[in-house]
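Okay, data36.pdb now, which holds PDB, C-alpha atoms, pLDDT in the B column:
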ATOM      1  CA  THR A 815      64.728 -58.277   8.861  1.00 34.00           C
ATOM      2  CA  ASN A 816      60.968 -58.252   9.176  1.00 38.00           C
ATOM      3  CA  LYS A 817      59.886 -58.915  12.742  1.00 38.00           C
ATOM      4  CA  MET A 818      56.860 -60.924  11.578  1.00 42.00           C
ATOM      5  CA  PHE A 819      59.078 -63.973  11.115  1.00 40.00           C
ATOM      6  CA  ARG A 820      61.204 -66.149  13.312  1.00 40.00           C
ATOM      7  CA  GLY A 821      64.423 -67.078  11.564  1.00 41.00           C
ATOM      8  CA  SER A 822      66.550 -65.149   9.135  1.00 40.00           C
ATOM      9  CA  ASP A 823      66.536 -67.267   5.986  1.00 50.00           C
ATOM     10  CA  GLU A 824      63.419 -65.883   4.267  1.00 53.00           C
ATOM     11  CA  ASP A 825      63.541 -66.232   0.480  1.00 61.00           C
ATOM     12  CA  PRO A 826      62.369 -62.885  -0.993  1.00 58.00           C
ATOM     13  CA  ASP A 827      60.406 -64.746  -3.687  1.00 62.00           C
ATOM     14  CA  ARG A 828      58.455 -66.520  -0.942  1.00 66.00           C
ATOM     15  CA  LEU A 829      57.469 -63.446   1.076  1.00 68.00           C
ATOM     16  CA  ILE A 830      53.766 -62.795   0.556  1.00 72.00           C
ATOM     17  CA  TYR A 831      52.971 -61.600   4.066  1.00 65.00           C
ATOM     18  CA  SER A 832      52.300 -58.039   2.858  1.00 70.00           C
ATOM     19  CA  TRP A 833      49.583 -59.223   0.486  1.00 77.00           C
ATOM     20  CA  VAL A 834      47.448 -61.414   2.760  1.00 79.00           C
ATOM     21  CA  SER A 835      45.485 -58.555   4.330  1.00 78.00           C
ATOM     22  CA  HIS A 836      42.351 -59.604   2.434  1.00 79.00           C
ATOM     23  CA  PHE A 837      42.424 -62.976   4.255  1.00 83.00           C
ATOM     24  CA  THR A 838      41.603 -63.860   7.838  1.00 83.00           C
ATOM     25  CA  PRO A 839      43.142 -66.900   9.527  1.00 82.00           C
ATOM     26  CA  PRO A 840      40.854 -69.794   8.556  1.00 85.00           C
ATOM     27  CA  GLU A 841      39.311 -72.626  10.508  1.00 85.00           C
ATOM     28  CA  TRP A 842      40.934 -75.709   9.033  1.00 82.00           C
ATOM     29  CA  VAL A 843      38.578 -78.304   7.628  1.00 83.00           C
ATOM     30  CA  HIS A 844      39.233 -81.638   9.344  1.00 85.00           C
ATOM     31  CA  ASP A 845      41.477 -84.074   7.432  1.00 82.00           C
ATOM     32  CA  SER A 846      38.753 -86.721   7.355  1.00 85.00           C
ATOM     33  CA  ALA A 847      36.508 -84.394   5.323  1.00 88.00           C
ATOM     34  CA  TYR A 848      38.806 -84.791   2.313  1.00 89.00           C
ATOM     35  CA  SER A 849      39.709 -87.761   0.189  1.00 92.00           C
ATOM     36  CA  ASN A 850      40.592 -85.651  -2.864  1.00 94.00           C
ATOM     37  CA  CYS A 851      42.549 -82.466  -3.517  1.00 95.00           C
ATOM     38  CA  SER A 852      40.303 -79.387  -3.504  1.00 94.00           C
ATOM     39  CA  HIS A 853      41.939 -78.146  -6.720  1.00 94.00           C
ATOM     40  CA  CYS A 854      42.889 -81.032  -9.037  1.00 95.00           C
ATOM     41  CA  LYS A 855      40.698 -83.713  -7.379  1.00 95.00           C
ATOM     42  CA  ALA A 856      43.630 -86.171  -7.132  1.00 94.00           C
ATOM     43  CA  LEU A 857      43.307 -88.800  -4.425  1.00 93.00           C
ATOM     44  CA  LEU A 858      45.074 -87.549  -1.296  1.00 92.00           C
ATOM     45  CA  GLY A 859      47.576 -90.023   0.105  1.00 82.00           C
ATOM     46  CA  VAL A 860      49.147 -90.084   3.530  1.00 75.00           C
ATOM     47  CA  GLY A 861      51.828 -87.387   3.756  1.00 72.00           C
ATOM     48  CA  HIS A 862      50.656 -85.731   0.557  1.00 79.00           C
ATOM     49  CA  ARG A 863      47.758 -83.749   1.977  1.00 88.00           C
ATOM     50  CA  HIS A 864      48.254 -80.180   3.060  1.00 91.00           C
ATOM     51  CA  HIS A 865      46.009 -77.491   4.507  1.00 90.00           C
ATOM     52  CA  CYS A 866      46.301 -74.146   2.768  1.00 92.00           C
ATOM     53  CA  ARG A 867      47.205 -71.707   5.522  1.00 90.00           C
ATOM     54  CA  LEU A 868      45.094 -68.976   3.920  1.00 91.00           C
ATOM     55  CA  CYS A 869      41.794 -70.749   3.122  1.00 92.00           C
ATOM     56  CA  GLY A 870      41.977 -73.869   5.332  1.00 91.00           C
ATOM     57  CA  HIS A 871      41.071 -76.383   2.617  1.00 93.00           C
ATOM     58  CA  MET A 872      43.066 -79.533   1.797  1.00 94.00           C
ATOM     59  CA  PHE A 873      45.300 -79.885  -1.263  1.00 95.00           C
ATOM     60  CA  CYS A 874      47.903 -82.241  -2.721  1.00 94.00           C
ATOM     61  CA  SER A 875      51.589 -81.309  -2.867  1.00 92.00           C
ATOM     62  CA  ASN A 876      51.350 -80.289  -6.528  1.00 93.00           C
ATOM     63  CA  CYS A 877      48.572 -77.769  -5.857  1.00 95.00           C
ATOM     64  CA  THR A 878      50.406 -75.896  -3.096  1.00 94.00           C
ATOM     65  CA  GLN A 879      53.566 -73.849  -2.777  1.00 92.00           C
ATOM     66  CA  LYS A 880      55.451 -72.727   0.303  1.00 89.00           C
ATOM     67  CA  PHE A 881      55.439 -69.076   1.361  1.00 86.00           C
ATOM     68  CA  HIS A 882      56.390 -67.097   4.452  1.00 82.00           C
ATOM     69  CA  LEU A 883      53.258 -65.927   6.241  1.00 82.00           C
ATOM     70  CA  PRO A 884      52.323 -63.850   9.278  1.00 79.00           C
ATOM     71  CA  TYR A 885      52.296 -65.856  12.492  1.00 76.00           C
ATOM     72  CA  ASP A 886      48.465 -65.826  12.722  1.00 77.00           C
ATOM     73  CA  PHE A 887      48.246 -67.944   9.555  1.00 78.00           C
ATOM     74  CA  LYS A 888      50.760 -70.627  10.507  1.00 71.00           C
ATOM     75  CA  GLY A 889      48.291 -72.956  12.177  1.00 65.00           C
ATOM     76  CA  LYS A 890      48.784 -75.286  15.092  1.00 66.00           C
ATOM     77  CA  LYS A 891      52.321 -76.389  14.229  1.00 63.00           C
ATOM     78  CA  SER A 892      53.702 -72.842  13.777  1.00 66.00           C
ATOM     79  CA  LYS A 893      57.033 -74.128  12.520  1.00 73.00           C
ATOM     80  CA  ILE A 894      59.805 -71.810  11.389  1.00 76.00           C
ATOM     81  CA  GLY A 895      59.999 -71.200   7.659  1.00 76.00           C
ATOM     82  CA  PRO A 896      57.530 -71.213   4.793  1.00 84.00           C
ATOM     83  CA  HIS A 897      54.060 -72.770   4.932  1.00 86.00           C
ATOM     84  CA  ARG A 898      51.737 -74.271   2.334  1.00 90.00           C
ATOM     85  CA  VAL A 899      49.443 -71.993   0.329  1.00 92.00           C
ATOM     86  CA  CYS A 900      47.132 -73.272  -2.416  1.00 94.00           C
ATOM     87  CA  LEU A 901      47.500 -71.971  -5.963  1.00 94.00           C
ATOM     88  CA  LYS A 902      44.203 -70.036  -5.855  1.00 94.00           C
ATOM     89  CA  CYS A 903      45.191 -68.176  -2.671  1.00 92.00           C
ATOM     90  CA  ARG A 904      48.698 -67.608  -4.039  1.00 91.00           C
ATOM     91  CA  ASP A 905      47.216 -66.074  -7.198  1.00 91.00           C
ATOM     92  CA  SER A 906      44.912 -63.892  -5.107  1.00 90.00           C
ATOM     93  CA  CYS A 907      47.905 -62.594  -3.120  1.00 88.00           C
ATOM     94  CA  LEU A 908      49.908 -61.946  -6.273  1.00 86.00           C
ATOM     95  CA  GLN A 909      46.975 -60.026  -7.807  1.00 88.00           C
ATOM     96  CA  HIS A 910      46.733 -57.985  -4.605  1.00 85.00           C
ATOM     97  CA  LYS A 911      50.499 -57.333  -4.808  1.00 81.00           C
ATOM     98  CA  HIS A 912      50.255 -56.306  -8.475  1.00 82.00           C
ATOM     99  CA  LYS A 913      47.383 -53.871  -7.807  1.00 83.00           C
ATOM    100  CA  GLU A 914      49.334 -52.347  -4.927  1.00 79.00           C
ATOM    101  CA  GLN A 915      52.452 -51.935  -7.076  1.00 77.00           C
ATOM    102  CA  VAL A 916      50.470 -50.367  -9.941  1.00 79.00           C
ATOM    103  CA  ALA A 917      48.769 -47.960  -7.528  1.00 80.00           C
ATOM    104  CA  LYS A 918      52.179 -46.868  -6.202  1.00 79.00           C
ATOM    105  CA  ALA A 919      53.644 -46.476  -9.706  1.00 78.00           C
ATOM    106  CA  VAL A 920      50.811 -44.338 -11.108  1.00 69.00           C
ATOM    107  CA  PRO A 921      51.040 -40.782  -9.801  1.00 66.00           C
ATOM    108  CA  ALA A 922      47.808 -39.398  -8.369  1.00 58.00           C
ATOM    109  CA  GLN A 923      46.063 -37.163 -10.904  1.00 58.00           C
ATOM    110  CA  GLU A 924      44.790 -33.794  -9.824  1.00 50.00           C
ATOM    111  CA  ILE A 925      41.083 -33.168 -10.095  1.00 52.00           C
ATOM    112  CA  ASP A 926      40.196 -29.866 -11.759  1.00 51.00           C
TER     113      ASP A 926
END
What's the structure tokens form of this structure?
Amino acid sequence: TNKMFRGSDEDPDRLIYSWVSHFTPPEWVHDSAYSNCSHCKALLGVGHRHHCRLCGHMFCSNCTQKFHLPYDFKGKKSKIGPHRVCLKCRDSCLQHKHKEQVAKAVPAQEID
């Protein structure tokens, strides 16, 4: 079990903690600064607005997914389990993961 998490029920498909190194824990933008989702521009209702734990902006439920993150990114609530990440940050992490996996799969070539 990875010691970065509290709890033992991490879903392997939701573990992106290894690919967030290109992010720093954000300052969250205050809730009152948003009336619309930062991605799809839908009106944000009560209970349907979520801060992305990687960029700090506000999104609707449809434009976020839950992932397990390092403790520094969990925000003020720091609950156990996965936290909301926007689709753009998720894609950035997955691209980072893919590049890392490709780099490991391609053997280093010798320079003559």
Please return the centre and edge lengths, in Å to one decimal, of a box with edges along x, y and z that contains all listed atoms of segment 842-856 of chain A, widened by 3 Å on every side, as JSON.
{"center_x": 40.1, "center_y": -81.7, "center_z": 0.2, "size_x": 13.1, "size_y": 18.1, "size_z": 24.4}
- Residues within 10 Å of (52.3, -70.0, 7.2), file coords, only C-alpha atoms, listed as JSON, numbers by chain: {"A": [819, 830, 831, 839, 866, 867, 868, 880, 881, 882, 883, 884, 885, 886, 887, 888, 889, 891, 892, 893, 894, 895, 896, 897, 898, 899]}
- Decode the PyMOL selection byres ((chain A and resi 904-910) around 9) for the given file into explicit residues and return them as number ranges by chain. A: 830-836, 868, 878-879, 881, 899-903, 911-915
Using the selection just defined, write its residues with C-alpha atoms as a PDB file, in the coordinates of the input.
ATOM      1  CA  ILE A 830      53.766 -62.795   0.556  1.00 72.00           C
ATOM      2  CA  TYR A 831      52.971 -61.600   4.066  1.00 65.00           C
ATOM      3  CA  SER A 832      52.300 -58.039   2.858  1.00 70.00           C
ATOM      4  CA  TRP A 833      49.583 -59.223   0.486  1.00 77.00           C
ATOM      5  CA  VAL A 834      47.448 -61.414   2.760  1.00 79.00           C
ATOM      6  CA  SER A 835      45.485 -58.555   4.330  1.00 78.00           C
ATOM      7  CA  HIS A 836      42.351 -59.604   2.434  1.00 79.00           C
ATOM      8  CA  LEU A 868      45.094 -68.976   3.920  1.00 91.00           C
ATOM      9  CA  THR A 878      50.406 -75.896  -3.096  1.00 94.00           C
ATOM     10  CA  GLN A 879      53.566 -73.849  -2.777  1.00 92.00           C
ATOM     11  CA  PHE A 881      55.439 -69.076   1.361  1.00 86.00           C
ATOM     12  CA  VAL A 899      49.443 -71.993   0.329  1.00 92.00           C
ATOM     13  CA  CYS A 900      47.132 -73.272  -2.416  1.00 94.00           C
ATOM     14  CA  LEU A 901      47.500 -71.971  -5.963  1.00 94.00           C
ATOM     15  CA  LYS A 902      44.203 -70.036  -5.855  1.00 94.00           C
ATOM     16  CA  CYS A 903      45.191 -68.176  -2.671  1.00 92.00           C
ATOM     17  CA  LYS A 911      50.499 -57.333  -4.808  1.00 81.00           C
ATOM     18  CA  HIS A 912      50.255 -56.306  -8.475  1.00 82.00           C
ATOM     19  CA  LYS A 913      47.383 -53.871  -7.807  1.00 83.00           C
ATOM     20  CA  GLU A 914      49.334 -52.347  -4.927  1.00 79.00           C
ATOM     21  CA  GLN A 915      52.452 -51.935  -7.076  1.00 77.00           C
TER      22      GLN A 915
END
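The spacing separating atom CA of His862 of chain A from atom CA of Glu841 of chain A amounts to 20.0 Å.
Distances from A:Ala917, A:Phe837, A:His844, A:Met872 to Leu858 of chain A were compared using only C-alpha atoms, and the smallest one belongs to A:Met872.
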Do a neighbour search on His871 of chain A at 8 Å with all atoms listed in the file, toss out local chain neighbours closer than 6 positions, and write the hits as a CSV table (one decimal) with C-alpha atoms, keeping the file's coordinate frame.
chain,number,residue,atom,x,y,z
A,842,TRP,CA,40.9,-75.7,9.0
A,843,VAL,CA,38.6,-78.3,7.6
A,852,SER,CA,40.3,-79.4,-3.5
A,865,HIS,CA,46.0,-77.5,4.5
